[in-house]
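Okay, so here's the structure we're looking at.
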Amino acid sequence: MTINESSTDRIVRGIVGALTLVGAVVVGASGGGTVLTVALGALGVILVGTAAVGFCPLYRVVGISTCKVPAARG
């Protein structure tokens with residue numbers, strides 16, 4: 001996996017992902033729909049996960065990279 005996210009992209013994903021996870025907990029605790037809770041939880045986990053590793057599989061499929069400096073291969 002080659003890093004294809006810039007630090008700004010990773011920060012934004014991390015914040016939005018964390019807020020999405022909090023939203024999933026709030027919706028679940030308030031007796032909201034199970035489907036909505038699971039969808040928000042899954043989206044939050046994906047966003048936080050991609051922010052943590054710096055790699056977005058969708059970016060790779062589409063051919064996008066927000067990373068300014070190519071990552072060294074190791």
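Following the order of the structure tokens, first chain is A, next is B, and so on, with residues numbered from 1 inside each chain and ligands from 1 in the order they appear.
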Name all residues at most 9 Å from range 19-26 of chain A (count only C-alpha atoms; drop same-chain ones fewer than 3 positions away) and give them as an mmCIF file with C-alpha atoms, in the first residue's frame.
```cif
data_model
loop_
_atom_site.group_PDB
_atom_site.id
_atom_site.type_symbol
_atom_site.label_atom_id
_atom_site.label_comp_id
_atom_site.auth_asym_id
_atom_site.auth_seq_id
_atom_site.Cartn_x
_atom_site.Cartn_y
_atom_site.Cartn_z
ATOM 1 C CA GLY A 14 -10.054 11.540 11.200
ATOM 2 C CA ILE A 15 -12.236 14.349 12.519
ATOM 3 C CA VAL A 16 -15.211 13.525 10.285
ATOM 4 C CA ALA A 29 -28.569 5.202 22.238
ATOM 5 C CA SER A 30 -31.630 7.253 21.338
ATOM 6 C CA GLY A 31 -33.394 4.211 19.914
ATOM 7 C CA GLY A 32 -32.876 5.264 16.321
ATOM 8 C CA LEU A 36 -28.690 4.025 10.301
ATOM 9 C CA THR A 37 -26.583 3.174 13.341
ATOM 10 C CA VAL A 38 -24.709 0.422 11.491
ATOM 11 C CA ALA A 39 -24.235 2.601 8.385
ATOM 12 C CA LEU A 40 -22.860 5.517 10.409
ATOM 13 C CA GLY A 41 -20.639 3.179 12.407
ATOM 14 C CA ALA A 42 -19.237 1.526 9.293
ATOM 15 C CA LEU A 43 -18.601 4.866 7.603
ATOM 16 C CA GLY A 44 -16.882 6.185 10.723
ATOM 17 C CA VAL A 45 -14.640 3.131 11.006
ATOM 18 C CA LEU A 47 -12.848 7.083 7.604
#
```
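Interatomic distance, CA of Tyr59 in chain A against CA of Thr34 in chain A: 29.3 Å.
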Give the helix (DSSP H, G or I) residues of chain A, as assigned by DSSP on the backbone, as a PDB file with N, CA and C atoms, in the first residue's frame.
```
ATOM      1  N   SER A   7      -1.522  15.014   4.594  1.00  0.00           N
ATOM      2  CA  SER A   7      -1.770  15.150   6.028  1.00  0.00           C
ATOM      3  C   SER A   7      -3.084  15.889   6.294  1.00  0.00           C
ATOM      4  N   THR A   8      -3.395  16.863   5.464  1.00  0.00           N
ATOM      5  CA  THR A   8      -4.666  17.576   5.620  1.00  0.00           C
ATOM      6  C   THR A   8      -5.837  16.638   5.375  1.00  0.00           C
ATOM      7  N   ASP A   9      -5.750  15.829   4.359  1.00  0.00           N
ATOM      8  CA  ASP A   9      -6.790  14.848   4.041  1.00  0.00           C
ATOM      9  C   ASP A   9      -6.976  13.889   5.207  1.00  0.00           C
ATOM     10  N   ARG A  10      -5.873  13.440   5.789  1.00  0.00           N
ATOM     11  CA  ARG A  10      -5.931  12.500   6.905  1.00  0.00           C
ATOM     12  C   ARG A  10      -6.569  13.144   8.135  1.00  0.00           C
ATOM     13  N   ILE A  11      -6.232  14.390   8.420  1.00  0.00           N
ATOM     14  CA  ILE A  11      -6.812  15.086   9.572  1.00  0.00           C
ATOM     15  C   ILE A  11      -8.316  15.250   9.402  1.00  0.00           C
ATOM     16  N   VAL A  12      -8.725  15.682   8.214  1.00  0.00           N
ATOM     17  CA  VAL A  12     -10.155  15.877   7.951  1.00  0.00           C
ATOM     18  C   VAL A  12     -10.900  14.548   8.060  1.00  0.00           C
ATOM     19  N   ARG A  13     -10.347  13.493   7.481  1.00  0.00           N
ATOM     20  CA  ARG A  13     -10.975  12.170   7.577  1.00  0.00           C
ATOM     21  C   ARG A  13     -11.088  11.708   9.024  1.00  0.00           C
ATOM     22  N   GLY A  14     -10.042  11.943   9.797  1.00  0.00           N
ATOM     23  CA  GLY A  14     -10.054  11.540  11.200  1.00  0.00           C
ATOM     24  C   GLY A  14     -11.124  12.254  11.999  1.00  0.00           C
ATOM     25  N   ILE A  15     -11.235  13.561  11.792  1.00  0.00           N
ATOM     26  CA  ILE A  15     -12.236  14.349  12.519  1.00  0.00           C
ATOM     27  C   ILE A  15     -13.644  13.960  12.091  1.00  0.00           C
ATOM     28  N   VAL A  16     -13.880  13.894  10.784  1.00  0.00           N
ATOM     29  CA  VAL A  16     -15.211  13.525  10.285  1.00  0.00           C
ATOM     30  C   VAL A  16     -15.565  12.095  10.700  1.00  0.00           C
ATOM     31  N   GLY A  17     -14.587  11.197  10.653  1.00  0.00           N
ATOM     32  CA  GLY A  17     -14.821   9.821  11.069  1.00  0.00           C
ATOM     33  C   GLY A  17     -15.179   9.721  12.540  1.00  0.00           C
ATOM     34  N   ALA A  18     -14.460  10.455  13.384  1.00  0.00           N
ATOM     35  CA  ALA A  18     -14.751  10.450  14.818  1.00  0.00           C
ATOM     36  C   ALA A  18     -16.147  11.016  15.088  1.00  0.00           C
ATOM     37  N   LEU A  19     -16.493  12.098  14.422  1.00  0.00           N
ATOM     38  CA  LEU A  19     -17.826  12.680  14.595  1.00  0.00           C
ATOM     39  C   LEU A  19     -18.911  11.733  14.100  1.00  0.00           C
ATOM     40  N   THR A  20     -18.633  11.003  13.032  1.00  0.00           N
ATOM     41  CA  THR A  20     -19.587  10.030  12.508  1.00  0.00           C
ATOM     42  C   THR A  20     -19.787   8.887  13.503  1.00  0.00           C
ATOM     43  N   LEU A  21     -18.706   8.445  14.132  1.00  0.00           N
ATOM     44  CA  LEU A  21     -18.818   7.395  15.145  1.00  0.00           C
ATOM     45  C   LEU A  21     -19.619   7.880  16.354  1.00  0.00           C
ATOM     46  N   VAL A  22     -19.389   9.115  16.762  1.00  0.00           N
ATOM     47  CA  VAL A  22     -20.182   9.685  17.862  1.00  0.00           C
ATOM     48  C   VAL A  22     -21.647   9.749  17.454  1.00  0.00           C
ATOM     49  N   GLY A  23     -21.909  10.141  16.221  1.00  0.00           N
ATOM     50  CA  GLY A  23     -23.281  10.172  15.716  1.00  0.00           C
ATOM     51  C   GLY A  23     -23.930   8.806  15.740  1.00  0.00           C
ATOM     52  N   ALA A  24     -23.169   7.770  15.408  1.00  0.00           N
ATOM     53  CA  ALA A  24     -23.700   6.403  15.435  1.00  0.00           C
ATOM     54  C   ALA A  24     -24.070   6.005  16.853  1.00  0.00           C
ATOM     55  N   VAL A  25     -23.234   6.370  17.813  1.00  0.00           N
ATOM     56  CA  VAL A  25     -23.520   6.047  19.212  1.00  0.00           C
ATOM     57  C   VAL A  25     -24.760   6.797  19.686  1.00  0.00           C
ATOM     58  N   VAL A  26     -24.865   8.061  19.328  1.00  0.00           N
ATOM     59  CA  VAL A  26     -26.023   8.864  19.744  1.00  0.00           C
ATOM     60  C   VAL A  26     -27.307   8.320  19.131  1.00  0.00           C
ATOM     61  N   VAL A  27     -27.274   8.008  17.848  1.00  0.00           N
ATOM     62  CA  VAL A  27     -28.466   7.464  17.184  1.00  0.00           C
ATOM     63  C   VAL A  27     -28.836   6.122  17.795  1.00  0.00           C
ATOM     64  N   GLY A  28     -27.849   5.286  18.066  1.00  0.00           N
ATOM     65  CA  GLY A  28     -28.114   3.982  18.662  1.00  0.00           C
ATOM     66  C   GLY A  28     -28.673   4.099  20.070  1.00  0.00           C
ATOM     67  N   ALA A  29     -28.125   5.025  20.858  1.00  0.00           N
ATOM     68  CA  ALA A  29     -28.569   5.202  22.238  1.00  0.00           C
ATOM     69  C   ALA A  29     -29.955   5.825  22.316  1.00  0.00           C
ATOM     70  N   THR A  34     -31.657   0.831  13.455  1.00  0.00           N
ATOM     71  CA  THR A  34     -30.482  -0.029  13.483  1.00  0.00           C
ATOM     72  C   THR A  34     -29.674   0.123  12.202  1.00  0.00           C
ATOM     73  N   VAL A  35     -30.338   0.234  11.082  1.00  0.00           N
ATOM     74  CA  VAL A  35     -29.633   0.365   9.801  1.00  0.00           C
ATOM     75  C   VAL A  35     -28.817   1.655   9.778  1.00  0.00           C
ATOM     76  N   LEU A  36     -29.396   2.747  10.259  1.00  0.00           N
ATOM     77  CA  LEU A  36     -28.690   4.025  10.301  1.00  0.00           C
ATOM     78  C   LEU A  36     -27.496   3.944  11.238  1.00  0.00           C
ATOM     79  N   THR A  37     -27.674   3.314  12.374  1.00  0.00           N
ATOM     80  CA  THR A  37     -26.583   3.174  13.341  1.00  0.00           C
ATOM     81  C   THR A  37     -25.427   2.374  12.740  1.00  0.00           C
ATOM     82  N   VAL A  38     -25.745   1.263  12.101  1.00  0.00           N
ATOM     83  CA  VAL A  38     -24.709   0.422  11.491  1.00  0.00           C
ATOM     84  C   VAL A  38     -24.032   1.167  10.340  1.00  0.00           C
ATOM     85  N   ALA A  39     -24.800   1.865   9.518  1.00  0.00           N
ATOM     86  CA  ALA A  39     -24.235   2.601   8.385  1.00  0.00           C
ATOM     87  C   ALA A  39     -23.288   3.705   8.871  1.00  0.00           C
ATOM     88  N   LEU A  40     -23.723   4.463   9.870  1.00  0.00           N
ATOM     89  CA  LEU A  40     -22.860   5.517  10.409  1.00  0.00           C
ATOM     90  C   LEU A  40     -21.609   4.925  11.054  1.00  0.00           C
ATOM     91  N   GLY A  41     -21.781   3.828  11.775  1.00  0.00           N
ATOM     92  CA  GLY A  41     -20.639   3.179  12.407  1.00  0.00           C
ATOM     93  C   GLY A  41     -19.636   2.676  11.386  1.00  0.00           C
ATOM     94  N   ALA A  42     -20.123   2.042  10.338  1.00  0.00           N
ATOM     95  CA  ALA A  42     -19.237   1.526   9.293  1.00  0.00           C
ATOM     96  C   ALA A  42     -18.506   2.661   8.584  1.00  0.00           C
ATOM     97  N   LEU A  43     -19.224   3.716   8.256  1.00  0.00           N
ATOM     98  CA  LEU A  43     -18.601   4.866   7.603  1.00  0.00           C
ATOM     99  C   LEU A  43     -17.536   5.489   8.496  1.00  0.00           C
ATOM    100  N   GLY A  44     -17.845   5.620   9.777  1.00  0.00           N
ATOM    101  CA  GLY A  44     -16.882   6.185  10.723  1.00  0.00           C
ATOM    102  C   GLY A  44     -15.627   5.343  10.834  1.00  0.00           C
ATOM    103  N   VAL A  45     -15.791   4.029  10.908  1.00  0.00           N
ATOM    104  CA  VAL A  45     -14.640   3.131  11.006  1.00  0.00           C
ATOM    105  C   VAL A  45     -13.784   3.219   9.745  1.00  0.00           C
ATOM    106  N   ILE A  46     -14.418   3.265   8.595  1.00  0.00           N
ATOM    107  CA  ILE A  46     -13.676   3.373   7.330  1.00  0.00           C
ATOM    108  C   ILE A  46     -12.889   4.680   7.280  1.00  0.00           C
ATOM    109  N   LEU A  47     -13.527   5.784   7.648  1.00  0.00           N
ATOM    110  CA  LEU A  47     -12.848   7.083   7.604  1.00  0.00           C
ATOM    111  C   LEU A  47     -11.683   7.138   8.583  1.00  0.00           C
ATOM    112  N   VAL A  48     -11.897   6.677   9.802  1.00  0.00           N
ATOM    113  CA  VAL A  48     -10.821   6.687  10.799  1.00  0.00           C
ATOM    114  C   VAL A  48      -9.701   5.727  10.378  1.00  0.00           C
ATOM    115  N   GLY A  49     -10.069   4.580   9.839  1.00  0.00           N
ATOM    116  CA  GLY A  49      -9.064   3.610   9.395  1.00  0.00           C
ATOM    117  C   GLY A  49      -8.199   4.131   8.268  1.00  0.00           C
ATOM    118  N   THR A  50      -8.822   4.729   7.271  1.00  0.00           N
ATOM    119  CA  THR A  50      -8.034   5.256   6.155  1.00  0.00           C
ATOM    120  C   THR A  50      -7.183   6.439   6.597  1.00  0.00           C
ATOM    121  N   ALA A  51      -7.678   7.218   7.548  1.00  0.00           N
ATOM    122  CA  ALA A  51      -6.879   8.326   8.084  1.00  0.00           C
ATOM    123  C   ALA A  51      -5.664   7.792   8.837  1.00  0.00           C
ATOM    124  N   ALA A  52      -5.842   6.701   9.554  1.00  0.00           N
ATOM    125  CA  ALA A  52      -4.751   6.140  10.351  1.00  0.00           C
ATOM    126  C   ALA A  52      -3.635   5.569   9.480  1.00  0.00           C
ATOM    127  N   VAL A  53      -4.001   4.899   8.391  1.00  0.00           N
ATOM    128  CA  VAL A  53      -2.976   4.272   7.553  1.00  0.00           C
ATOM    129  C   VAL A  53      -2.523   5.150   6.390  1.00  0.00           C
ATOM    130  N   PRO A  57      -8.363   3.051  -0.607  1.00  0.00           N
ATOM    131  CA  PRO A  57      -8.499   2.165  -1.767  1.00  0.00           C
ATOM    132  C   PRO A  57      -9.287   2.813  -2.916  1.00  0.00           C
ATOM    133  N   LEU A  58     -10.282   3.610  -2.591  1.00  0.00           N
ATOM    134  CA  LEU A  58     -11.068   4.269  -3.635  1.00  0.00           C
ATOM    135  C   LEU A  58     -10.207   5.252  -4.430  1.00  0.00           C
ATOM    136  N   TYR A  59      -9.322   5.977  -3.742  1.00  0.00           N
ATOM    137  CA  TYR A  59      -8.402   6.870  -4.435  1.00  0.00           C
ATOM    138  C   TYR A  59      -7.555   6.081  -5.433  1.00  0.00           C
ATOM    139  N   ARG A  60      -7.110   4.906  -5.034  1.00  0.00           N
ATOM    140  CA  ARG A  60      -6.273   4.096  -5.923  1.00  0.00           C
ATOM    141  C   ARG A  60      -7.036   3.659  -7.164  1.00  0.00           C
ATOM    142  N   VAL A  61      -8.286   3.240  -6.979  1.00  0.00           N
ATOM    143  CA  VAL A  61      -9.105   2.797  -8.114  1.00  0.00           C
ATOM    144  C   VAL A  61      -9.323   3.940  -9.099  1.00  0.00           C
ATOM    145  N   VAL A  62      -9.579   5.142  -8.559  1.00  0.00           N
ATOM    146  CA  VAL A  62      -9.868   6.302  -9.400  1.00  0.00           C
ATOM    147  C   VAL A  62      -8.583   6.953  -9.920  1.00  0.00           C
TER     148      VAL A  62
END
```
